[in-house]
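Asker: Sharing input34.cif (mmCIF, C-alpha atoms and all ligand atoms) below.
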```
data_entry
#
loop_
_atom_site.label_atom_id
_atom_site.label_comp_id
_atom_site.auth_asym_id
_atom_site.auth_seq_id
_atom_site.Cartn_x
_atom_site.Cartn_y
_atom_site.Cartn_z
CA MET E 1 -3.67 -35.21 -31.06
CA HIS E 2 -6.78 -36.40 -29.17
CA GLN E 3 -6.62 -37.09 -25.49
CA ALA E 4 -10.09 -38.67 -25.33
CA SER E 5 -10.57 -41.99 -23.56
CA VAL E 6 -12.17 -44.91 -25.39
CA LEU E 7 -13.78 -47.98 -23.86
CA ILE E 8 -13.84 -51.04 -26.13
CA ILE E 9 -16.49 -53.59 -25.12
CA ASP E 10 -15.94 -56.75 -27.18
CA ASP E 11 -15.49 -60.40 -26.26
CA GLU E 12 -13.09 -61.07 -29.16
CA PRO E 13 -9.50 -60.39 -28.02
CA SER E 14 -8.21 -59.99 -31.58
CA VAL E 15 -10.83 -57.30 -32.38
CA ARG E 16 -10.06 -55.42 -29.14
CA LYS E 17 -6.38 -55.54 -29.92
CA MET E 18 -6.80 -54.32 -33.44
CA ILE E 19 -9.05 -51.40 -32.44
CA ALA E 20 -6.82 -50.49 -29.51
CA ALA E 21 -3.65 -50.49 -31.61
CA THR E 22 -5.25 -48.25 -34.22
CA LEU E 23 -6.67 -45.75 -31.74
CA GLU E 24 -3.63 -45.68 -29.49
CA GLY E 25 -1.70 -44.65 -32.57
CA GLU E 26 -4.07 -41.67 -32.78
CA GLY E 27 -3.38 -40.69 -29.18
CA TYR E 28 -6.55 -42.05 -27.52
CA HIS E 29 -6.47 -43.50 -24.06
CA ILE E 30 -7.87 -47.08 -24.17
CA HIS E 31 -9.91 -49.18 -21.70
CA TYR E 32 -11.27 -52.70 -22.30
CA ALA E 33 -14.24 -54.78 -21.23
CA GLU E 34 -15.13 -58.32 -22.29
CA ASN E 35 -18.89 -58.04 -22.00
CA GLY E 36 -21.71 -55.63 -21.22
CA LEU E 37 -21.60 -56.15 -17.47
CA GLU E 38 -17.91 -55.36 -17.22
CA GLY E 39 -18.49 -52.48 -19.65
CA LEU E 40 -21.08 -50.93 -17.35
CA GLU E 41 -18.73 -51.05 -14.41
CA ILE E 42 -15.83 -49.49 -16.27
CA THR E 43 -18.10 -46.83 -17.80
CA ARG E 44 -19.13 -45.77 -14.31
CA ILE E 45 -15.56 -45.68 -13.05
CA VAL E 46 -13.63 -44.03 -15.91
CA SER E 47 -16.46 -42.10 -17.76
CA PRO E 48 -15.03 -42.70 -21.24
CA GLU E 49 -15.78 -40.15 -23.95
CA ILE E 50 -16.28 -42.90 -26.49
CA VAL E 51 -17.71 -46.41 -26.07
CA ILE E 52 -17.16 -48.90 -28.90
CA LEU E 53 -19.74 -51.60 -28.32
CA ASP E 54 -20.02 -55.06 -29.83
CA LEU E 55 -23.53 -56.53 -30.00
CA LYS E 56 -23.00 -60.26 -29.55
CA MET E 57 -21.24 -61.06 -26.28
CA PRO E 58 -21.67 -63.64 -23.47
CA GLU E 59 -23.23 -62.71 -20.07
CA MET E 60 -24.55 -59.29 -21.12
CA ASP E 61 -24.73 -58.41 -24.82
CA GLY E 62 -24.62 -54.93 -26.40
CA LEU E 63 -28.38 -54.36 -26.19
CA GLY E 64 -28.39 -55.42 -22.54
CA PHE E 65 -25.64 -52.86 -21.91
CA LEU E 66 -27.68 -50.11 -23.60
CA GLU E 67 -30.80 -51.08 -21.69
CA GLU E 68 -28.95 -50.69 -18.40
CA LEU E 69 -27.05 -47.53 -19.33
CA LYS E 70 -30.07 -45.72 -20.87
CA PRO E 71 -27.97 -43.28 -22.96
CA LYS E 72 -29.37 -39.78 -23.46
CA PRO E 73 -28.48 -37.22 -26.17
CA GLU E 74 -27.06 -34.84 -23.55
CA ASP E 75 -24.63 -37.47 -22.18
CA PRO E 76 -20.99 -36.41 -22.44
CA ARG E 77 -20.10 -39.76 -24.05
CA ALA E 78 -20.70 -41.08 -27.56
CA ILE E 79 -21.49 -44.73 -28.28
CA ILE E 80 -20.45 -46.46 -31.49
CA VAL E 81 -21.99 -49.89 -32.09
CA LEU E 82 -20.17 -52.59 -34.06
CA THR E 83 -22.69 -54.45 -36.26
CA GLY E 84 -22.65 -57.42 -38.58
CA HIS E 85 -24.46 -57.83 -41.90
CA GLY E 86 -27.63 -59.46 -40.60
CA ASP E 87 -28.12 -57.28 -37.49
CA VAL E 88 -31.15 -55.33 -38.78
CA LYS E 89 -33.33 -55.92 -35.71
CA GLU E 90 -30.47 -55.04 -33.36
CA ILE E 91 -29.72 -51.85 -35.26
CA GLU E 92 -33.36 -50.83 -34.91
CA ALA E 93 -33.19 -51.58 -31.20
CA CYS E 94 -30.04 -49.46 -30.92
CA TYR E 95 -31.79 -46.50 -32.52
CA GLN E 96 -34.66 -46.99 -30.07
CA ALA E 97 -32.14 -46.95 -27.24
CA GLY E 98 -30.82 -43.61 -28.43
CA VAL E 99 -27.66 -44.72 -30.27
CA ASN E 100 -27.20 -43.67 -33.88
CA SER E 101 -23.56 -44.25 -34.64
CA PHE E 102 -22.58 -47.59 -36.22
CA LEU E 103 -19.53 -49.28 -37.67
CA ARG E 104 -20.25 -52.29 -39.82
CA LYS E 105 -17.90 -55.28 -39.66
CA PRO E 106 -15.61 -55.90 -41.41
CA PHE E 107 -14.44 -52.29 -41.38
CA HIS E 108 -11.33 -50.64 -42.66
CA LEU E 109 -9.04 -49.04 -40.06
CA ALA E 110 -9.45 -45.69 -41.77
CA GLU E 111 -13.22 -45.98 -41.21
CA LEU E 112 -12.65 -46.72 -37.54
CA ARG E 113 -10.44 -43.65 -37.16
CA GLY E 114 -12.92 -41.47 -39.02
CA VAL E 115 -16.02 -42.59 -37.08
CA VAL E 116 -14.30 -42.19 -33.70
CA LYS E 117 -12.88 -38.77 -34.58
CA ASN E 118 -16.32 -37.59 -35.77
CA ALA E 119 -17.97 -38.80 -32.60
CA VAL E 120 -15.41 -37.03 -30.40
CA ASP E 121 -15.63 -33.80 -32.40
CA LEU E 122 -19.42 -33.81 -32.31
CA LYS E 123 -19.61 -34.40 -28.56
CA ARG E 124 -17.00 -31.74 -27.84
CA HIS E 125 -18.75 -29.29 -30.10
CA ALA E 126 -22.08 -29.96 -28.40
CA PHE E 127 -20.43 -29.61 -24.99
CA ASN E 128 -18.84 -26.28 -25.95
CA LEU E 129 -22.14 -25.01 -27.32
CA ASP E 130 -23.90 -26.02 -24.15
CA GLN E 131 -21.29 -24.20 -22.05
CA LEU E 132 -21.60 -21.15 -24.25
CA VAL E 133 -25.39 -21.10 -23.97
CA GLN E 134 -25.17 -21.44 -20.19
CA THR E 135 -22.63 -18.63 -19.86
CA ARG E 136 -24.58 -16.33 -22.16
CA THR E 137 -27.88 -17.05 -20.40
CA LYS E 138 -26.29 -16.24 -17.06
CA GLN E 139 -24.78 -13.02 -18.44
CA LEU E 140 -28.15 -11.98 -19.87
CA GLU E 141 -29.96 -12.75 -16.63
CA GLU E 142 -27.44 -10.68 -14.66
CA GLU E 143 -27.67 -7.85 -17.16
CA SER E 144 -31.45 -7.87 -17.04
CA MET E 145 -31.45 -7.87 -13.22
CA ALA E 146 -29.00 -4.97 -13.18
CA LYS E 147 -31.15 -3.02 -15.64
CA SER E 148 -34.29 -3.60 -13.58
CA GLN E 149 -32.40 -2.43 -10.52
CA VAL E 150 -31.23 0.76 -12.25
CA LEU E 151 -34.74 1.41 -13.55
CA SER E 152 -36.25 0.85 -10.14
CA THR E 153 -33.75 3.14 -8.41
CA ALA E 154 -34.07 5.85 -11.07
CA THR E 155 -37.85 5.73 -10.83
CA HIS E 156 -37.72 6.08 -7.05
CA GLU E 157 -35.42 9.08 -7.49
CA LEU E 158 -37.86 10.64 -9.97
CA ARG E 159 -40.76 10.23 -7.60
CA THR E 160 -39.32 12.24 -4.73
CA PRO E 161 -38.85 15.62 -6.49
CA LEU E 162 -42.10 15.13 -8.41
CA THR E 163 -44.05 14.61 -5.19
CA SER E 164 -42.61 17.84 -3.84
CA MET E 165 -43.40 19.82 -7.02
CA LEU E 166 -46.93 18.44 -7.15
CA GLY E 167 -47.40 19.28 -3.49
CA TYR E 168 -46.52 22.97 -4.02
CA VAL E 169 -48.64 23.27 -7.18
CA GLN E 170 -51.63 21.74 -5.41
CA ARG E 171 -51.14 23.97 -2.38
CA VAL E 172 -51.24 27.10 -4.51
CA LEU E 173 -54.20 25.78 -6.49
CA HIS E 174 -56.38 24.38 -3.76
CA ARG E 175 -55.52 26.37 -0.60
CA PRO E 176 -56.28 30.03 -1.45
CA ASP E 177 -57.08 30.49 2.25
CA LYS E 178 -53.40 29.84 3.04
CA VAL E 179 -51.64 31.00 -0.11
CA GLY E 180 -53.82 33.80 -1.40
CA PRO E 181 -56.28 34.11 -4.33
CA LEU E 182 -55.38 33.29 -7.96
CA THR E 183 -56.31 35.01 -11.20
CA ASP E 184 -58.21 32.80 -13.67
CA ARG E 185 -55.22 32.64 -15.98
CA ARG E 186 -52.84 31.55 -13.21
CA ARG E 187 -55.34 28.96 -12.03
CA SER E 188 -55.63 27.55 -15.55
CA TYR E 189 -51.83 27.39 -16.01
CA LEU E 190 -51.32 25.73 -12.64
CA GLY E 191 -54.22 23.35 -13.43
CA ALA E 192 -52.34 22.22 -16.55
CA ALA E 193 -49.17 21.77 -14.50
CA GLU E 194 -51.07 19.68 -11.94
CA LYS E 195 -52.69 17.48 -14.60
CA ASN E 196 -49.35 16.73 -16.24
CA ALA E 197 -47.62 16.11 -12.91
CA LEU E 198 -50.37 13.62 -12.04
CA ARG E 199 -49.86 11.85 -15.36
CA LEU E 200 -46.14 11.64 -14.74
CA LYS E 201 -46.78 10.32 -11.23
CA ALA E 202 -49.09 7.59 -12.59
CA LEU E 203 -46.46 6.63 -15.16
CA ILE E 204 -43.73 6.41 -12.53
CA GLU E 205 -45.95 4.29 -10.31
CA ASN E 206 -46.72 1.96 -13.23
CA ILE E 207 -43.03 1.52 -14.00
CA LEU E 208 -42.32 0.76 -10.34
CA ASP E 209 -45.12 -1.81 -10.35
CA VAL E 210 -43.75 -3.44 -13.49
CA SER E 211 -40.33 -3.78 -11.88
CA LYS E 212 -41.95 -5.31 -8.78
CA VAL E 213 -43.94 -7.75 -10.94
CA GLU E 214 -40.79 -8.74 -12.82
CA ALA E 215 -38.72 -9.17 -9.68
CA GLY E 216 -41.58 -11.19 -8.12
CA ASN E 217 -41.82 -9.01 -5.00
CA LEU E 218 -45.30 -7.55 -4.99
CA ASP E 219 -45.61 -7.65 -1.19
CA LEU E 220 -49.30 -8.50 -0.99
CA ASP E 221 -51.30 -8.41 2.20
CA PRO E 222 -54.55 -10.39 1.65
CA VAL E 223 -57.45 -9.48 3.93
CA GLU E 224 -61.24 -9.88 3.70
CA VAL E 225 -62.55 -7.13 1.45
CA ASP E 226 -66.15 -6.02 0.93
CA VAL E 227 -66.51 -5.61 -2.84
CA ARG E 228 -69.50 -3.28 -2.75
CA GLU E 229 -67.85 -0.94 -0.26
CA GLN E 230 -64.63 -0.85 -2.26
CA ILE E 231 -66.41 -0.16 -5.52
CA ASP E 232 -68.40 2.69 -3.98
CA ASP E 233 -65.14 4.24 -2.72
CA ILE E 234 -63.47 3.79 -6.11
CA LEU E 235 -66.38 5.43 -7.93
CA THR E 236 -66.27 8.40 -5.56
CA GLU E 237 -62.56 8.79 -6.30
CA MET E 238 -63.28 8.64 -10.04
CA GLU E 239 -66.14 11.09 -9.96
CA TYR E 240 -64.27 13.61 -12.12
CA ASP E 241 -63.77 11.07 -14.96
CA ILE E 242 -67.42 10.01 -14.76
CA THR E 243 -68.96 13.48 -14.87
CA GLU E 244 -66.46 14.76 -17.45
CA LYS E 245 -67.88 12.35 -20.03
CA GLN E 246 -71.33 12.13 -18.46
CA ILE E 247 -71.00 8.35 -18.18
CA GLU E 248 -73.88 6.44 -16.65
CA VAL E 249 -72.50 3.91 -14.18
CA VAL E 250 -74.68 0.90 -13.33
CA ILE E 251 -73.77 -1.18 -10.27
CA ASP E 252 -75.08 -4.73 -10.12
CA ILE E 253 -73.96 -6.43 -6.91
CA PRO E 254 -76.14 -8.71 -4.72
CA ASP E 255 -76.32 -7.84 -1.01
CA ASP E 256 -75.21 -11.29 0.09
CA LEU E 257 -72.04 -11.35 -2.02
CA PRO E 258 -69.22 -13.07 -0.09
CA GLN E 259 -66.17 -10.99 0.76
CA VAL E 260 -63.00 -11.59 -1.25
CA MET E 261 -59.55 -12.46 0.08
CA THR E 262 -57.34 -9.85 -1.48
CA ASP E 263 -54.88 -7.06 -0.88
CA GLN E 264 -57.17 -4.04 -0.48
CA LEU E 265 -55.00 -1.48 -2.27
CA ARG E 266 -54.22 -3.83 -5.13
CA PHE E 267 -57.88 -4.77 -5.51
CA SER E 268 -58.71 -1.11 -5.76
CA GLN E 269 -55.92 -0.66 -8.33
CA ILE E 270 -57.29 -3.51 -10.48
CA VAL E 271 -60.87 -2.19 -10.51
CA THR E 272 -59.76 1.43 -10.97
CA ASN E 273 -57.68 0.41 -13.97
CA LEU E 274 -60.50 -1.52 -15.64
CA LEU E 275 -63.03 1.23 -14.96
CA SER E 276 -60.63 3.92 -16.13
CA ASN E 277 -60.16 2.02 -19.42
CA ALA E 278 -63.92 1.53 -19.78
CA PHE E 279 -64.41 5.32 -19.37
CA LYS E 280 -61.43 6.22 -21.57
CA TYR E 281 -62.46 4.00 -24.47
CA SER E 282 -66.19 4.85 -24.40
CA PRO E 283 -67.94 7.84 -26.01
CA GLU E 284 -69.72 10.54 -24.00
CA PHE E 285 -73.01 9.54 -22.38
CA ALA E 286 -72.11 5.85 -22.59
CA THR E 287 -73.12 3.30 -19.96
CA VAL E 288 -70.53 1.35 -17.98
CA THR E 289 -71.74 -1.54 -15.83
CA ILE E 290 -69.84 -3.04 -12.94
CA SER E 291 -71.23 -6.30 -11.64
CA ALA E 292 -70.06 -8.87 -9.12
CA ARG E 293 -71.36 -12.34 -8.25
CA PRO E 294 -70.24 -15.53 -6.54
CA ALA E 295 -68.63 -18.12 -8.84
CA ASP E 296 -67.78 -21.41 -7.14
CA LYS E 297 -65.09 -20.60 -4.54
CA PHE E 298 -64.45 -17.24 -6.17
CA VAL E 299 -66.08 -13.89 -6.67
CA GLN E 300 -66.35 -12.76 -10.29
CA VAL E 301 -66.25 -9.07 -11.17
CA ASP E 302 -67.24 -7.83 -14.66
CA VAL E 303 -66.60 -4.36 -16.04
CA ILE E 304 -68.79 -3.95 -19.11
CA ASP E 305 -68.57 -1.03 -21.52
CA THR E 306 -70.23 -0.13 -24.81
CA GLY E 307 -67.15 1.60 -26.21
CA VAL E 308 -64.86 1.26 -29.23
CA GLY E 309 -64.05 -2.44 -28.63
CA ILE E 310 -60.83 -4.25 -29.48
CA SER E 311 -60.03 -6.18 -32.66
CA LYS E 312 -59.43 -9.94 -32.50
CA THR E 313 -55.70 -9.59 -33.26
CA ASP E 314 -55.22 -6.89 -30.62
CA GLN E 315 -57.07 -8.98 -28.05
CA THR E 316 -54.27 -11.57 -28.04
CA LYS E 317 -51.64 -8.94 -27.12
CA LEU E 318 -53.68 -6.89 -24.69
CA PHE E 319 -52.05 -8.07 -21.49
CA THR E 320 -48.47 -7.63 -22.71
CA LYS E 321 -46.20 -4.82 -21.60
CA PHE E 322 -46.49 -1.48 -23.47
CA PHE E 323 -49.20 -2.78 -25.81
CA ARG E 324 -51.77 -0.25 -26.98
CA ALA E 325 -54.51 -1.29 -29.38
CA ASP E 326 -54.60 0.20 -32.83
CA ASN E 327 -57.87 2.15 -32.65
CA SER E 328 -58.73 5.77 -33.12
CA SER E 329 -59.18 6.31 -29.38
CA THR E 330 -55.66 5.26 -28.46
CA THR E 331 -54.20 8.06 -30.51
CA GLU E 332 -56.39 10.58 -28.65
CA VAL E 333 -56.34 9.01 -25.19
CA PRO E 334 -53.09 9.18 -23.22
CA GLY E 335 -51.82 5.87 -21.84
CA THR E 336 -48.76 3.69 -21.47
CA GLY E 337 -50.00 0.19 -22.20
CA LEU E 338 -48.73 -0.94 -18.79
CA GLY E 339 -52.04 -1.01 -16.92
CA LEU E 340 -53.40 -4.35 -18.10
CA PHE E 341 -49.98 -6.03 -17.84
CA ILE E 342 -49.85 -5.04 -14.16
CA VAL E 343 -53.50 -5.92 -13.55
CA LYS E 344 -53.05 -9.40 -14.99
CA HIS E 345 -50.07 -10.09 -12.75
CA LEU E 346 -51.80 -8.68 -9.68
CA VAL E 347 -54.86 -10.88 -10.22
CA GLY E 348 -52.63 -13.91 -10.82
CA ALA E 349 -50.50 -13.23 -7.75
CA MET E 350 -53.66 -13.14 -5.61
CA GLY E 351 -54.82 -16.55 -6.81
CA GLY E 352 -57.25 -15.31 -9.47
CA ARG E 353 -57.61 -15.08 -13.23
CA ILE E 354 -58.56 -12.35 -15.71
CA TRP E 355 -59.97 -12.53 -19.23
CA MET E 356 -61.92 -10.38 -21.66
CA GLU E 357 -64.43 -10.42 -24.48
CA SER E 358 -64.81 -7.66 -27.00
CA GLU E 359 -66.36 -6.74 -30.30
CA GLU E 360 -65.31 -3.70 -32.29
CA ASP E 361 -67.81 -0.81 -32.10
CA VAL E 362 -69.98 -2.84 -29.72
CA GLY E 363 -68.02 -2.88 -26.49
CA THR E 364 -65.74 -4.75 -24.14
CA THR E 365 -66.17 -6.82 -21.00
CA PHE E 366 -63.24 -7.44 -18.67
CA SER E 367 -63.88 -10.18 -16.10
CA PHE E 368 -61.76 -11.41 -13.25
CA VAL E 369 -62.15 -13.80 -10.35
CA LEU E 370 -60.49 -13.64 -6.95
CA PRO E 371 -60.84 -16.18 -4.14
CA ALA E 372 -63.91 -15.71 -1.96
CA SER E 373 -63.14 -15.43 1.72
CA GLY E 374 -63.21 -18.95 3.20
CA GLY E 375 -62.86 -20.36 -0.32
CA ALA E 376 -59.63 -20.94 -2.21
CA LEU E 377 -56.54 -19.50 -0.54
CA ALA E 378 -54.79 -16.49 -1.98
CA VAL E 379 -51.24 -17.40 -2.85
CA GLU E 380 -48.55 -15.10 -4.12
CA ARG E 381 -46.71 -16.67 -7.01
CA PRO E 382 -43.45 -15.26 -8.36
CA ALA E 383 -43.69 -13.51 -11.73
CA ALA E 384 -43.28 -15.69 -14.78
P1 LIG E 401 -53.36 2.16 -21.48
O1 LIG E 401 -54.84 2.29 -21.30
O2 LIG E 401 -52.56 2.99 -20.53
O3 LIG E 401 -52.92 2.35 -22.90
P2 LIG E 401 -53.70 -0.61 -20.71
O4 LIG E 401 -52.69 -1.67 -20.48
O5 LIG E 401 -54.65 -0.33 -19.60
O6 LIG E 401 -52.91 0.68 -21.13
O7 LIG E 401 -54.52 -1.00 -21.99
C1 LIG E 401 -53.84 -1.44 -23.16
C2 LIG E 401 -54.64 -1.13 -24.40
O8 LIG E 401 -55.80 -1.94 -24.43
C3 LIG E 401 -55.15 0.29 -24.46
O9 LIG E 401 -54.20 1.12 -25.05
C4 LIG E 401 -56.38 0.17 -25.32
O10 LIG E 401 -56.00 0.22 -26.68
C5 LIG E 401 -56.89 -1.24 -25.04
N1 LIG E 401 -58.02 -1.26 -24.10
C6 LIG E 401 -57.97 -1.49 -22.77
N2 LIG E 401 -59.19 -1.47 -22.22
C7 LIG E 401 -60.04 -1.18 -23.22
C8 LIG E 401 -61.47 -1.03 -23.30
N3 LIG E 401 -62.26 -1.13 -22.23
N4 LIG E 401 -62.00 -0.76 -24.54
C9 LIG E 401 -61.21 -0.66 -25.61
N5 LIG E 401 -59.86 -0.79 -25.60
C10 LIG E 401 -59.29 -1.06 -24.42
#
```
Will you turn the file into structure tokens for me?

Answerer:
Amino acid sequence: MHQASVLIIDDEPSVRKMIAATLEGEGYHIHYAENGLEGLEITRIVSPEIVILDLKMPEMDGLGFLEELKPKPEDPRAIIVLTGHGDVKEIEACYQAGVNSFLRKPFHLAELRGVVKNAVDLKRHAFNLDQLVQTRTKQLEEESMAKSQVLSTATHELRTPLTSMLGYVQRVLHRPDKVGPLTDRRRSYLGAAEKNALRLKALIENILDVSKVEAGNLDLDPVEVDVREQIDDILTEMEYDITEKQIEVVIDIPDDLPQVMTDQLRFSQIVTNLLSNAFKYSPEFATVTISARPADKFVQVDVIDTGVGISKTDQTKLFTKFFRADNSSTTEVPGTGLGLFIVKHLVGAMGGRIWMESEEDVGTTFSFVLPASGGALAVERPAA
């Protein structure tokens, strides 16, 4: 048996009585109104699950009622409109108002029962589905948060012993004055251990950054940064990568370039990442250009290489997590596909934008803008 409440809005007492008697027999709880105005009031007070609405009534007719109520698909109530044979215009208006359930007069009582039962079932079904979706979404969000938390904690725990191991390896390798001389073979073995430990460290740091991006807590500290100075420092740090492949680096930065408002470490991370990719995905003896110039209230930085390039399909996925392009270099060059995902979010969080242009076998240009000091303000936005 149904327990739903039904509001009958009709000025004809005999019709109200007939509908009420039929539905009461089905277990519905009945309310009445004689016109639209009264109907509105009762709707607000008793929130009926079903409204059976006549069109032609004194004071406020059915369409007037709908105009005031403004029914929406997500409303918990269903509206069934009683129509006559010639009510084509009114039916159209009802559809416009968001009502699509009709009962044409004269109707059989079995039709009335059927239409009302369908309306109740549909609304309840929709309501249950909505509840289910909400519960599931909440569960998934909680699960995802918990997973990020576990990942973040585990990664922190991995970093501590690794830092210690790397410290000892580097001490033996680089401080013969303290630790004693090494044979060539031992130096080469420890060199391999150091290289792999550094790779692992970079991976762990990337994963930690991804979890910060996703939790929206990047902790940025924007200050005025001199681009030229930063780039010189970065290139000194990367000297090994540059000489290893004999890359020619061209710097094109005007002396009067405004400073940028940015977190210094994160700026360095962005440029290091783009340069490291430019070196990684270029052949030996290639040229990599880094240029910077003012652009409106921003400073634009371009990292231009003449390397393998990226196909049009891969370009669309480049900034997504774990994506690595399908070219011959990626199989040879180690990487995680996290770098550009992090870079994109860092630039965005500091009020900038990043984009790229590339042609296969010709080269790639990554460009980003960050607010110039005194220009647009750097704002940290939570991760999408
Ligand atoms: P990783 O380099 O660790 O794989 P990134 O997120 O930095 O991760 O880059 C994602 C992918 O984009 C790389 O695997 C590579 O295929 C491609 N890519 C990035 N920069 C370049 C570039 N300058 N030239 C060619 N391909 C690039």

Asker: May I ask you to write as a PyMOL selection string all residues lying at most 6 Å from ligand LIG 401 (chain E), with only C-alpha atoms and all ligand atoms counted?

Answerer: chain E and resi 277-278+281+307-310+318+323-325+330+335-341+364

Asker: Suppose you want the space between atom CA of E:Asn118 and atom CA of E:Met60; what is it in Å?

Answerer: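 Atom-to-atom, atom CA of E:Asn118 and atom CA of E:Met60 are spaced 27.4 Å apart.
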
Asker: Taking all atoms listed in the file into account, name the residue in E:Leu122, E:Val250, E:Val6, E:Met261 that is nearest to E:Glu224.

Answerer: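 Answer, going by the shortest atom-to-atom distance: E:Met261.
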
Asker: If you take every atom of stretch 228-245 of chain E that the file lists and fit an axis-aligned box around them with 3 Å extra on each side, what centre and edge lengths come out in Å to one decimal, as lines of an AutoDock Vina configuration file?

Answerer:
```
center_x = -66.0
center_y = 5.7
center_z = -10.1
size_x = 12.9
size_y = 24.0
size_z = 25.8
```

Asker: One number please: atom CA of E:Glu205 to atom CA of E:Ala292, in Å, one decimal.

Answerer: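 Result for atom CA of E:Glu205 versus atom CA of E:Ala292: 27.5 Å, one decimal.
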
Asker: Can you list, as a ChimeraX atom specification, every protein, DNA or RNA residue that comes within 7 Å of E:Val81 when you count all atoms listed in the file, leaving out same-chain residues fewer than 3 positions away?

Answerer: /E:52-54,101-103

Asker: Between atom CA of E:Ala295 and atom CA of E:Glu229, what is the distance, to one decimal in Å?

Answerer: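 Separation between atom CA of E:Ala295 and atom CA of E:Glu229: 19.2 Å.
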